[in-house]
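**Q** I am sharing query-v1.csv, which consists of CSV, C-alpha atoms:
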```csv
chain,number,residue,atom,x,y,z
A,129,MET,CA,23.5,-26.9,-111.6
A,130,SER,CA,23.3,-28.3,-115.1
A,131,GLY,CA,20.8,-27.0,-117.7
A,132,GLU,CA,19.0,-30.3,-117.5
A,133,GLU,CA,18.1,-30.0,-113.9
A,134,HIS,CA,14.4,-29.3,-113.3
A,135,LEU,CA,13.1,-26.5,-111.1
A,136,GLY,CA,12.1,-28.9,-108.3
A,137,GLU,CA,11.8,-27.2,-105.0
A,138,ASP,CA,12.8,-23.8,-106.5
A,139,LEU,CA,9.5,-23.8,-108.4
A,140,ALA,CA,7.6,-21.9,-105.7
A,141,ALA,CA,10.3,-19.3,-105.4
A,142,TYR,CA,10.6,-19.0,-109.2
A,143,VAL,CA,7.0,-18.0,-109.6
A,144,GLY,CA,7.1,-15.7,-106.6
A,145,LEU,CA,5.3,-17.9,-104.1
A,146,ALA,CA,8.3,-18.0,-101.7
A,147,GLU,CA,11.5,-16.2,-100.9
A,148,PRO,CA,13.0,-15.0,-104.2
A,149,LEU,CA,15.9,-16.9,-105.7
A,150,ALA,CA,19.4,-15.5,-106.2
A,151,PRO,CA,19.6,-13.8,-109.6
A,152,GLU,CA,22.0,-16.3,-111.1
A,153,ARG,CA,19.9,-19.2,-109.9
A,154,PHE,CA,16.8,-17.6,-111.4
A,155,ASP,CA,18.6,-17.0,-114.7
A,156,ARG,CA,19.7,-20.7,-114.8
A,157,HIS,CA,16.1,-21.8,-114.3
A,158,THR,CA,14.9,-19.5,-117.1
A,159,ARG,CA,17.5,-21.0,-119.5
A,160,HIS,CA,16.3,-24.4,-118.5
A,161,LEU,CA,12.7,-23.6,-119.2
A,162,GLU,CA,13.6,-22.9,-122.8
A,163,THR,CA,14.3,-26.5,-123.3
A,164,CYS,CA,12.0,-28.3,-120.8
A,165,ALA,CA,8.3,-28.5,-121.6
A,166,GLU,CA,7.6,-30.3,-118.3
A,167,CYS,CA,8.9,-27.4,-116.2
A,168,ARG,CA,7.2,-24.9,-118.4
A,169,LEU,CA,3.9,-26.6,-117.7
A,170,ALA,CA,4.6,-26.7,-114.0
A,171,VAL,CA,5.4,-23.0,-114.0
A,172,ARG,CA,2.3,-22.1,-115.9
A,173,GLU,CA,0.1,-24.2,-113.6
A,174,THR,CA,1.8,-22.7,-110.5
A,175,GLN,CA,1.3,-19.2,-111.8
A,176,GLU,CA,-2.4,-19.9,-112.3
A,177,LEU,CA,-2.6,-21.3,-108.8
A,178,SER,CA,-0.9,-18.2,-107.5
A,179,LEU,CA,-3.5,-16.0,-109.1
A,180,ALA,CA,-6.3,-18.2,-107.7
A,181,LEU,CA,-4.8,-17.9,-104.3
A,182,ASP,CA,-4.3,-14.2,-104.6
A,183,ALA,CA,-7.3,-13.3,-102.5
A,184,THR,CA,-7.3,-10.0,-100.7
A,185,PRO,CA,-6.1,-10.5,-97.1
A,186,LEU,CA,-8.7,-10.2,-94.4
A,187,ALA,CA,-8.4,-6.8,-92.7
A,188,PRO,CA,-9.4,-6.2,-89.0
A,189,SER,CA,-12.8,-4.7,-88.4
A,190,ALA,CA,-13.2,-1.3,-86.8
A,191,ASP,CA,-13.8,-2.6,-83.3
A,192,PHE,CA,-11.0,-5.1,-83.3
A,193,ASP,CA,-8.7,-3.0,-81.2
A,194,ARG,CA,-11.4,-2.0,-78.7
A,195,LYS,CA,-12.4,-5.7,-78.2
A,196,LEU,CA,-8.8,-6.7,-77.7
A,197,PHE,CA,-8.0,-3.9,-75.2
A,198,GLU,CA,-11.2,-4.7,-73.2
A,199,ARG,CA,-9.9,-8.3,-72.9
A,200,LEU,CA,-6.5,-7.1,-71.9
A,201,ASP,CA,-8.0,-4.8,-69.2
A,202,ALA,CA,-10.0,-7.7,-67.9
A,203,ILE,CA,-6.8,-9.8,-67.8
A,204,ASP,CA,-5.0,-7.0,-65.8
A,205,ALA,CA,-7.9,-6.7,-63.4
A,206,SER,CA,-8.0,-10.4,-62.8
A,207,ALA,CA,-4.3,-10.5,-62.3
A,208,ARG,CA,-4.5,-7.7,-59.7
A,209,ILE,CA,-7.2,-9.6,-57.8
A,210,GLU,CA,-5.2,-12.8,-58.0
A,211,SER,CA,-2.1,-11.0,-56.7
A,212,ARG,CA,-4.0,-9.6,-53.7
A,213,ARG,CA,-5.5,-13.0,-53.0
A,214,GLU,CA,-2.0,-14.6,-53.1
A,215,TRP,CA,-0.7,-11.9,-50.8
A,216,TRP,CA,-3.4,-12.6,-48.2
A,217,GLN,CA,-2.9,-16.4,-48.6
A,218,SER,CA,0.8,-15.9,-48.0
A,219,LEU,CA,0.2,-14.0,-44.8
A,220,LEU,CA,-1.9,-16.9,-43.5
A,221,ARG,CA,0.7,-19.6,-44.1
A,222,PRO,CA,1.6,-21.2,-40.7
A,223,SER,CA,5.3,-20.3,-41.1
A,224,ARG,CA,4.4,-16.7,-41.6
A,225,ILE,CA,2.0,-16.7,-38.7
A,226,ALA,CA,4.7,-18.2,-36.4
A,227,LEU,CA,7.1,-15.6,-37.7
A,228,ALA,CA,4.7,-12.8,-37.0
A,229,LEU,CA,3.6,-14.0,-33.6
A,230,GLY,CA,7.1,-14.9,-32.4
A,231,PRO,CA,8.1,-11.3,-31.5
A,232,VAL,CA,4.7,-10.7,-30.0
A,233,ALA,CA,5.0,-13.7,-27.7
A,234,ALA,CA,8.6,-12.8,-26.9
A,235,GLY,CA,7.5,-9.3,-26.0
A,236,LEU,CA,4.7,-10.6,-23.8
A,237,LEU,CA,7.1,-12.9,-22.0
A,238,TRP,CA,9.6,-10.1,-21.5
A,239,PHE,CA,6.8,-7.9,-20.2
A,240,LEU,CA,5.6,-10.5,-17.7
A,241,ALA,CA,9.2,-11.4,-16.6
A,242,SER,CA,10.3,-7.8,-16.1
A,243,ARG,CA,7.0,-6.7,-14.4
A,244,PRO,CA,7.7,-5.8,-10.7
A,245,ARG,CA,6.3,-8.3,-8.3
A,246,ALA,CA,3.4,-7.3,-6.0
A,247,THR,CA,5.6,-7.1,-2.9
A,248,ASP,CA,8.0,-4.7,-4.6
A,249,GLU,CA,5.3,-2.3,-5.6
A,250,PRO,CA,5.5,1.0,-3.7
A,251,LEU,CA,2.6,1.6,-1.4
A,252,PRO,CA,0.3,4.5,-2.1
A,253,ALA,CA,0.9,7.2,0.5
A,254,ASP,CA,-1.4,7.1,3.5
A,255,SER,CA,-3.8,4.6,2.1
A,256,SER,CA,-5.5,2.6,4.8
A,257,SER,CA,-7.0,0.2,2.3
A,258,ALA,CA,-3.6,-0.6,0.9
A,259,LEU,CA,-2.3,-1.3,4.4
A,260,ALA,CA,-5.3,-3.6,5.0
A,261,ALA,CA,-4.5,-5.4,1.8
A,262,LEU,CA,-0.9,-5.9,2.9
A,263,ASP,CA,-2.2,-7.3,6.2
A,264,ASP,CA,-4.4,-9.7,4.2
A,265,LEU,CA,-1.3,-10.8,2.2
A,266,GLU,CA,0.6,-11.4,5.4
A,267,LEU,CA,-2.2,-13.5,6.7
A,268,GLY,CA,-2.3,-15.5,3.5
A,269,ALA,CA,1.5,-16.1,3.7
A,270,ASN,CA,1.3,-17.3,7.3
A,271,LEU,CA,-1.9,-19.4,7.1
A,272,GLU,CA,0.1,-22.7,7.0
A,273,LEU,CA,2.0,-21.7,10.0
A,274,TYR,CA,-1.2,-20.8,11.9
A,275,GLY,CA,-2.9,-23.9,10.7
A,276,ASP,CA,-0.9,-25.8,13.4
A,277,LEU,CA,-2.5,-23.7,16.1
A,278,ASP,CA,-5.9,-24.7,17.5
A,279,ALA,CA,-6.8,-21.1,17.8
A,280,ALA,CA,-6.4,-20.4,14.1
A,281,GLU,CA,-9.8,-22.0,13.2
A,282,TYR,CA,-11.5,-19.4,15.4
A,283,LEU,CA,-9.9,-16.4,13.6
A,284,ASP,CA,-12.3,-14.3,11.8
A,285,VAL,CA,-10.4,-11.0,11.4
A,286,ALA,CA,-6.9,-10.2,10.6
A,287,GLU,CA,-6.5,-8.1,13.7
A,288,ASP,CA,-6.7,-11.2,15.8
A,289,LEU,CA,-3.5,-12.4,14.3
A,290,ASP,CA,-1.5,-9.8,16.0
A,291,LEU,CA,-2.9,-10.8,19.4
A,292,LEU,CA,-2.3,-14.5,18.6
A,293,LEU,CA,1.3,-13.8,17.6
A,294,ALA,CA,1.8,-11.9,20.8
A,295,GLU,CA,0.4,-14.7,22.9
A,296,GLU,CA,2.6,-17.2,21.0
A,297,GLY,CA,5.6,-15.0,21.6
A,298,GLU,CA,4.9,-14.9,25.3
A,299,ALA,CA,4.4,-18.6,25.4
A,300,GLY,CA,7.7,-19.1,23.6
B,158,MET,CA,23.3,-23.1,-82.7
B,159,VAL,CA,24.5,-19.5,-82.5
B,160,ALA,CA,21.9,-17.1,-81.1
B,161,GLU,CA,20.8,-14.6,-83.6
B,162,ALA,CA,20.9,-10.9,-82.8
B,163,ALA,CA,17.5,-9.6,-81.6
B,164,ASP,CA,15.7,-7.3,-84.0
B,165,ASP,CA,14.0,-4.1,-82.8
B,166,ASP,CA,10.7,-5.7,-82.1
B,167,ALA,CA,12.3,-8.6,-80.2
B,168,ARG,CA,14.0,-6.0,-77.9
B,169,LEU,CA,10.7,-4.2,-77.5
B,170,MET,CA,9.0,-7.5,-76.6
B,171,ALA,CA,11.7,-8.3,-74.0
B,172,ARG,CA,11.1,-4.8,-72.6
B,173,PHE,CA,7.4,-5.3,-72.4
B,174,VAL,CA,7.8,-8.6,-70.6
B,175,ALA,CA,10.1,-7.0,-68.1
B,176,THR,CA,8.1,-3.8,-67.5
B,177,ARG,CA,4.5,-4.7,-68.5
B,178,GLU,CA,4.3,-1.2,-70.1
B,179,ARG,CA,1.0,-1.2,-72.1
B,180,SER,CA,2.4,1.4,-74.5
B,181,VAL,CA,5.2,-0.9,-75.5
B,182,PHE,CA,2.7,-3.7,-76.2
B,183,GLU,CA,0.5,-1.4,-78.2
B,184,GLY,CA,3.4,-0.5,-80.5
B,185,LEU,CA,4.0,-4.1,-81.3
B,186,PHE,CA,0.3,-4.8,-81.6
B,187,ARG,CA,-0.3,-2.0,-84.1
B,188,ARG,CA,2.7,-3.0,-86.2
B,189,HIS,CA,1.6,-6.7,-86.5
B,190,ARG,CA,-2.2,-6.6,-86.1
B,191,ASP,CA,-3.1,-6.6,-89.8
B,192,ARG,CA,-0.8,-9.4,-90.7
B,193,MET,CA,-2.0,-11.6,-87.8
B,194,VAL,CA,-5.7,-11.0,-88.8
B,195,ALA,CA,-4.8,-11.9,-92.4
B,196,TYR,CA,-2.8,-14.9,-91.3
B,197,ALA,CA,-5.7,-16.3,-89.1
B,198,GLY,CA,-8.0,-15.6,-92.0
B,199,ARG,CA,-5.9,-17.9,-94.2
B,200,TYR,CA,-6.8,-20.7,-91.8
B,201,VAL,CA,-10.4,-20.2,-91.1
B,202,ARG,CA,-11.7,-18.0,-93.9
B,203,GLU,CA,-14.4,-16.5,-91.7
B,204,ARG,CA,-14.1,-13.0,-90.5
B,205,ALA,CA,-15.5,-13.4,-87.0
B,206,LYS,CA,-13.5,-16.5,-86.3
B,207,ALA,CA,-10.3,-15.1,-87.8
B,208,GLU,CA,-10.6,-12.0,-85.6
B,209,GLU,CA,-11.2,-14.2,-82.6
B,210,LEU,CA,-8.0,-16.2,-83.4
B,211,ALA,CA,-6.0,-13.0,-84.0
B,212,GLN,CA,-7.2,-11.7,-80.6
B,213,GLU,CA,-6.1,-15.0,-79.0
B,214,ILE,CA,-2.7,-14.6,-80.6
B,215,PHE,CA,-2.3,-11.1,-79.0
B,216,VAL,CA,-3.6,-12.2,-75.7
B,217,LYS,CA,-0.9,-15.0,-75.7
B,218,VAL,CA,1.7,-12.3,-76.5
B,219,TYR,CA,0.4,-10.0,-73.8
B,220,THR,CA,0.4,-12.7,-71.1
B,221,THR,CA,3.8,-14.1,-72.1
B,222,LYS,CA,5.8,-14.5,-68.8
B,223,SER,CA,9.3,-15.0,-70.3
B,224,TYR,CA,10.8,-13.9,-73.6
B,225,GLU,CA,14.4,-14.1,-74.7
B,226,ALA,CA,15.3,-11.2,-76.9
B,227,GLN,CA,17.1,-12.9,-79.8
B,228,GLY,CA,16.4,-13.5,-83.4
B,229,SER,CA,13.3,-12.3,-85.2
B,230,PHE,CA,10.3,-11.2,-83.3
B,231,THR,CA,8.2,-12.0,-86.4
B,232,SER,CA,9.3,-15.6,-86.4
B,233,TRP,CA,8.3,-15.9,-82.7
B,234,LEU,CA,5.0,-14.2,-83.4
B,235,TYR,CA,4.2,-16.6,-86.2
B,236,ARG,CA,5.1,-19.5,-84.0
B,237,VAL,CA,2.5,-18.3,-81.5
B,238,ALA,CA,0.0,-17.6,-84.3
B,239,THR,CA,0.5,-21.0,-86.0
B,240,ASN,CA,-0.1,-22.8,-82.7
B,241,VAL,CA,-3.2,-20.9,-82.0
B,242,CYS,CA,-4.6,-21.4,-85.5
B,243,LEU,CA,-3.7,-25.1,-85.7
B,244,ASN,CA,-5.2,-25.7,-82.3
B,245,GLU,CA,-8.4,-24.2,-83.6
B,246,LEU,CA,-8.4,-26.3,-86.7
B,247,ARG,CA,-7.9,-29.4,-84.6
B,248,ARG,CA,-11.1,-28.8,-82.8
B,249,PRO,CA,-13.8,-31.2,-84.1
B,250,GLU,CA,-16.4,-28.5,-84.6
B,251,HIS,CA,-14.1,-26.7,-86.9
B,252,ARG,CA,-13.6,-29.5,-89.4
B,253,GLN,CA,-15.3,-29.3,-92.7
B,254,ARG,CA,-16.4,-25.7,-92.0
B,255,PHE,CA,-15.5,-23.6,-94.9
B,256,THR,CA,-17.1,-20.2,-95.3
B,257,ALA,CA,-16.0,-18.0,-98.0
B,258,TYR,CA,-15.7,-14.4,-96.7
B,259,GLU,CA,-14.8,-12.8,-100.0
B,260,GLU,CA,-17.1,-11.7,-102.7
B,261,GLN,CA,-15.6,-11.2,-106.1
B,262,ALA,CA,-16.0,-7.6,-107.3
B,263,GLY,CA,-15.6,-6.1,-110.7
B,264,HIS,CA,-17.1,-6.7,-114.1
B,265,THR,CA,-17.1,-10.5,-114.1
B,266,THR,CA,-20.0,-12.5,-115.5
B,267,PRO,CA,-22.0,-14.6,-113.0
B,268,GLU,CA,-20.6,-17.8,-114.7
B,269,SER,CA,-17.0,-16.8,-114.2
B,270,VAL,CA,-17.7,-15.8,-110.6
B,271,LEU,CA,-19.0,-19.2,-110.0
B,272,ILE,CA,-16.0,-20.9,-111.6
B,273,GLU,CA,-13.6,-18.7,-109.7
B,274,ARG,CA,-15.4,-19.3,-106.5
B,275,GLU,CA,-15.5,-23.0,-107.0
B,276,LEU,CA,-11.7,-23.0,-107.7
B,277,SER,CA,-11.1,-20.8,-104.6
B,278,GLU,CA,-13.2,-23.1,-102.4
B,279,ARG,CA,-11.4,-26.2,-103.8
B,280,LEU,CA,-8.1,-24.6,-103.0
B,281,ASP,CA,-9.3,-23.7,-99.6
B,282,ARG,CA,-10.2,-27.3,-99.0
B,283,ALA,CA,-6.9,-28.5,-100.4
B,284,LEU,CA,-5.1,-26.0,-98.2
B,285,ALA,CA,-7.0,-27.1,-95.1
B,286,GLN,CA,-6.2,-30.7,-95.8
B,287,LEU,CA,-2.5,-30.2,-96.0
B,288,PRO,CA,-0.4,-31.5,-93.1
B,289,ASP,CA,0.0,-28.8,-90.5
B,290,LYS,CA,3.6,-27.8,-91.2
B,291,GLN,CA,3.1,-27.8,-94.9
B,292,ARG,CA,0.1,-25.5,-94.6
B,293,ALA,CA,1.8,-23.2,-92.2
B,294,ALA,CA,5.0,-23.0,-94.2
B,295,PHE,CA,3.1,-22.3,-97.4
B,296,ILE,CA,0.9,-19.6,-95.9
B,297,MET,CA,3.8,-17.9,-94.3
B,298,ALA,CA,5.7,-18.0,-97.6
B,299,ARG,CA,3.0,-17.2,-100.0
B,300,MET,CA,0.6,-15.0,-98.2
B,301,ASP,CA,2.8,-13.3,-95.7
B,302,GLY,CA,6.1,-13.2,-97.6
B,303,LEU,CA,8.3,-14.5,-94.8
B,304,ARG,CA,11.8,-15.5,-95.6
B,305,HIS,CA,12.7,-19.2,-95.4
B,306,ASP,CA,14.8,-18.7,-92.3
B,307,GLU,CA,12.0,-16.9,-90.6
B,308,ILE,CA,9.6,-19.7,-91.4
B,309,ALA,CA,12.2,-22.2,-90.2
B,310,ALA,CA,12.5,-20.4,-86.9
B,311,ALA,CA,8.7,-20.2,-86.6
B,312,LEU,CA,8.3,-23.9,-87.2
B,313,SER,CA,11.4,-25.0,-85.3
B,314,THR,CA,12.9,-26.6,-88.4
B,315,THR,CA,15.6,-26.1,-91.0
B,316,VAL,CA,15.6,-24.0,-94.1
B,317,PRO,CA,15.9,-27.0,-96.5
B,318,ALA,CA,13.0,-28.6,-94.6
B,319,VAL,CA,11.0,-25.4,-95.2
B,320,LYS,CA,11.7,-25.4,-98.9
B,321,SER,CA,10.6,-29.0,-99.0
B,322,LEU,CA,7.4,-28.3,-97.1
B,323,ILE,CA,6.5,-25.4,-99.4
B,324,HIS,CA,7.2,-27.5,-102.5
B,325,ARG,CA,5.0,-30.4,-101.3
B,326,ALA,CA,2.2,-28.1,-100.4
B,327,LEU,CA,2.5,-26.5,-103.8
B,328,VAL,CA,2.3,-29.9,-105.5
B,329,SER,CA,-0.9,-30.8,-103.5
B,330,LEU,CA,-2.5,-27.5,-104.3
B,331,ARG,CA,-1.6,-27.7,-108.0
B,332,ASP,CA,-3.2,-31.2,-108.1
B,333,ALA,CA,-6.4,-29.7,-106.5
B,334,ALA,CA,-6.4,-26.9,-109.0
B,335,THR,CA,-5.8,-29.1,-112.0
B,336,GLN,CA,-8.5,-31.5,-110.9
B,337,ALA,CA,-10.9,-28.5,-110.8
B,338,SER,CA,-9.9,-27.6,-114.4
B,339,ALA,CA,-10.4,-31.2,-115.5
B,340,THR,CA,-13.9,-31.1,-114.0
B,341,GLU,CA,-14.6,-28.0,-115.9
B,342,ASP,CA,-13.1,-29.4,-119.2
B,343,PRO,CA,-13.0,-33.2,-119.3
B,344,LYS,CA,-11.0,-33.0,-122.6
B,345,ALA,CA,-8.2,-31.0,-121.0
B,346,PRO,CA,-4.8,-32.7,-121.0
B,347,LYS,CA,-3.6,-34.4,-117.9
B,348,GLU,CA,-1.1,-32.3,-115.9
B,349,VAL,CA,2.5,-33.2,-115.5
B,350,SER,CA,4.0,-32.5,-112.1
B,351,THR,CA,7.5,-31.4,-111.4
```
Could you rewrite the structure in this file as structure tokens?
**A**
Amino acid sequence: MSGEEHLGEDLAAYVGLAEPLAPERFDRHTRHLETCAECRLAVRETQELSLALDATPLAPSADFDRKLFERLDAIDASARIESRREWWQSLLRPSRIALALGPVAAGLLWFLASRPRATDEPLPADSSSALAALDDLELGANLELYGDLDAAEYLDVAEDLDLLLAEEGEAG
Amino acid sequence: MVAEAADDDARLMARFVATRERSVFEGLFRRHRDRMVAYAGRYVRERAKAEELAQEIFVKVYTTKSYEAQGSFTSWLYRVATNVCLNELRRPEHRQRFTAYEEQAGHTTPESVLIERELSERLDRALAQLPDKQRAAFIMARMDGLRHDEIAAALSTTVPAVKSLIHRALVSLRDAATQASATEDPKAPKEVST
């Protein structure tokens, strides 16, 4: 840098309004100022400006922290509510519902498939009502067969079936 | 561009984002609270509004979802702060609202108080009328003492560009100041700019 070079963009730094200059650069500018009235005036005006701008910085008031932390607490609370809401919403997604109901449905099907059929169920010991029920089932199973017989329409009670079968056997 | 090493606060911020530990945030907050209030105060010059902006700055920090621990936390914080402050200034209701919050103290005469206040208000207006980046760069350099590289990182620009922004801001402010002097003393010689 020659002695003739003006301060230019180093002016702010020279008067302390920006990051300080390297010492050798600062000294060069100082030597330049001895011979340059234009830069001297610029430095003086800038120093006055610096003083005018030198207002005391605003400091936070006493309740600044409390107000901020109340806001942050509210943000946290809101985030928790939102998180719970999203969790519930995620549970109600059709894919999740299908995923959750799949095992239930499979279990139900397995239960129904593996359940012993009525005819395989053991009979309660000496239960006349159970035997009667078995007779009724037998009647139901043979109704088609007996539908071919004219006598069937007159049957009122299951006991008559035995008689009818016996007659049919004799006829056969 | 080579990533800069993270400073201590940058590492703390990364830890806070990962863990959401309130105590980590509080450490950062207490270390930077005063300068953020002061920084916001340079934009709006009104205590209540400045504190509101400073709170907004810290809410943005608190709710940050991702943060890469590299470089200077201060630069990142000033980037957040500058965005918050400039967004406020861009709001129509803010324009042309200049409320001085400082009262001159000491043994000054009422006349000198008036002159100083007029100059201060003129400079406030000149500062407010600067382009956004010029104003932000000047405030960070002058009022907050940030280094050029920190300002460059905060404004996503280069160090030479920062020097240029500060210089142009200074020229505008000097013009405003010398116009004020000329109004006080019509016979004063016209200024020469560098």
**Q** Kindly indicate which residue among A:Arg243, A:Lys195, A:Arg153, A:Arg224 lies nearest to chain B, using all atoms listed in the file for the distances.
**A**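 The answer is A:Lys195, which sits nearest to chain B.
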**Q** For stretch 325-332 of chain B, list every protein, DNA or RNA residue within 7 Å, evaluated using all atoms listed in the file, and leave out those in the same chain fewer than 5 positions away; present the list as a list in words.
**A**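 The residues that qualify are Glu173, Thr174 and Leu177 of chain A; Leu280, Ala283, Leu284, Leu287, Gln291, Arg292 and Phe295 of chain B.
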**Q** Quick one: of B:Arg199, B:Cys242, B:Ala294, B:Met170, who's nearest to B:Ala318, counting all atoms listed in the file?
**A**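 Looking at the shortest contact to B:Ala318, the residue is B:Ala294.
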**Q** Using all atoms listed in the file for the distances, tell me which of B:Arg172, B:Arg282, B:Arg236, B:Arg190 is nearest to chain A.
**A**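 Ranking B:Arg172, B:Arg282, B:Arg236, B:Arg190 by distance to chain A, first place goes to B:Arg190.
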**Q** Write out, as CSV, each residue of chain A that has an atom at most 12 Å from chain B, together with the closest pair of atoms and their distance in Å to one decimal, counting all atoms listed in the file, rows going by chain and rising number.
**A**
```
residue,atom,partner,partner_atom,distance
A:Glu133,CA,B:Thr351,CA,11.0
A:His134,CA,B:Thr351,CA,7.5
A:Leu135,CA,B:Thr351,CA,7.4
A:Gly136,CA,B:Thr351,CA,6.1
A:Glu137,CA,B:His324,CA,5.2
A:Asp138,CA,B:His324,CA,7.8
A:Leu139,CA,B:His324,CA,7.3
A:Ala140,CA,B:His324,CA,6.5
A:Ala141,CA,B:Lys320,CA,9.0
A:Tyr142,CA,B:His324,CA,11.3
A:Val143,CA,B:Arg299,CA,10.4
A:Gly144,CA,B:Arg299,CA,7.9
A:Leu145,CA,B:Arg299,CA,4.8
A:Ala146,CA,B:Ala298,CA,4.9
A:Glu147,CA,B:Arg304,CA,5.4
A:Pro148,CA,B:Arg304,CA,8.7
A:Leu149,CA,B:Arg304,CA,11.0
A:Cys164,CA,B:Thr351,CA,10.9
A:Ala165,CA,B:Val349,CA,9.6
A:Glu166,CA,B:Val349,CA,6.5
A:Cys167,CA,B:Thr351,CA,6.4
A:Arg168,CA,B:Thr351,CA,9.6
A:Leu169,CA,B:Val349,CA,7.1
A:Ala170,CA,B:Thr351,CA,6.1
A:Val171,CA,B:Thr351,CA,9.0
A:Arg172,CA,B:Arg331,CA,10.4
A:Glu173,CA,B:Arg331,CA,6.8
A:Thr174,CA,B:Arg331,CA,6.5
A:Gln175,CA,B:Arg331,CA,9.8
A:Glu176,CA,B:Ala334,CA,8.7
A:Leu177,CA,B:Arg331,CA,6.5
A:Ser178,CA,B:Arg299,CA,8.5
A:Leu179,CA,B:Ser277,CA,10.1
A:Ala180,CA,B:Ser277,CA,6.3
A:Leu181,CA,B:Ser277,CA,6.9
A:Asp182,CA,B:Met300,CA,8.1
A:Ala183,CA,B:Glu259,CA,7.9
A:Thr184,CA,B:Glu259,CA,8.0
A:Pro185,CA,B:Ala195,CA,5.1
A:Leu186,CA,B:Ala195,CA,4.7
A:Ala187,CA,B:Asp191,CA,6.0
A:Pro188,CA,B:Val194,CA,6.1
A:Ser189,CA,B:Glu208,CA,8.1
A:Ala190,CA,B:Glu208,CA,11.1
A:Asp191,CA,B:Glu208,CA,10.2
A:Phe192,CA,B:Glu208,CA,7.3
A:Asp193,CA,B:Gln212,CA,8.8
A:Arg194,CA,B:Gln212,CA,10.7
A:Lys195,CA,B:Gln212,CA,8.3
A:Leu196,CA,B:Gln212,CA,6.0
A:Phe197,CA,B:Glu183,CA,9.4
A:Glu198,CA,B:Gln212,CA,10.9
A:Arg199,CA,B:Val216,CA,7.9
A:Leu200,CA,B:Val216,CA,7.0
A:Asp201,CA,B:Arg179,CA,10.1
A:Ala202,CA,B:Val216,CA,11.0
A:Ile203,CA,B:Thr220,CA,8.4
A:Asp204,CA,B:Thr220,CA,9.5
A:Ala207,CA,B:Thr220,CA,10.2
```
**Q** With all atoms listed in the file as the counted atoms, please give the residues lying no more than 9 Å from B:Asn240, apart from itself and same-chain residues fewer than 5 positions off, as a PyMOL selection string.
**A** chain B and resi 214+235+245
**Q** Atom CA of B:Ala311 to atom CA of B:Ala238: how many Å, to one decimal?
**A**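 Atom-to-atom, atom CA of B:Ala311 and atom CA of B:Ala238 are spaced 9.4 Å apart.
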**Q** Please, what distance in Å, to one decimal, runs between atom CA of A:Glu210 and atom CA of B:Lys217?
**A**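 Between atom CA of A:Glu210 and atom CA of B:Lys217 the gap is 18.3 Å.
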**Q** Between B:Leu243, B:Val218, B:Leu234, B:Ala175, which has the minimum distance to B:Ala285 (counting only C-alpha atoms)?
**A**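 Nearest candidate to B:Ala285 out of B:Leu243, B:Val218, B:Leu234, B:Ala175: B:Leu243.
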**Q** Could you tell me how far atom CA of B:Gln227 lies from atom CA of B:Arg168, in Å and to one decimal?
**A** 7.8 Å
**Q** Residues within 7 Å of B:Ala163, please, as a VMD selection string. Count only C-alpha atoms; anything in the same chain fewer than 2 positions from it doesn't count.
**A** chain B and resid 161 165 167 to 168 226 to 229
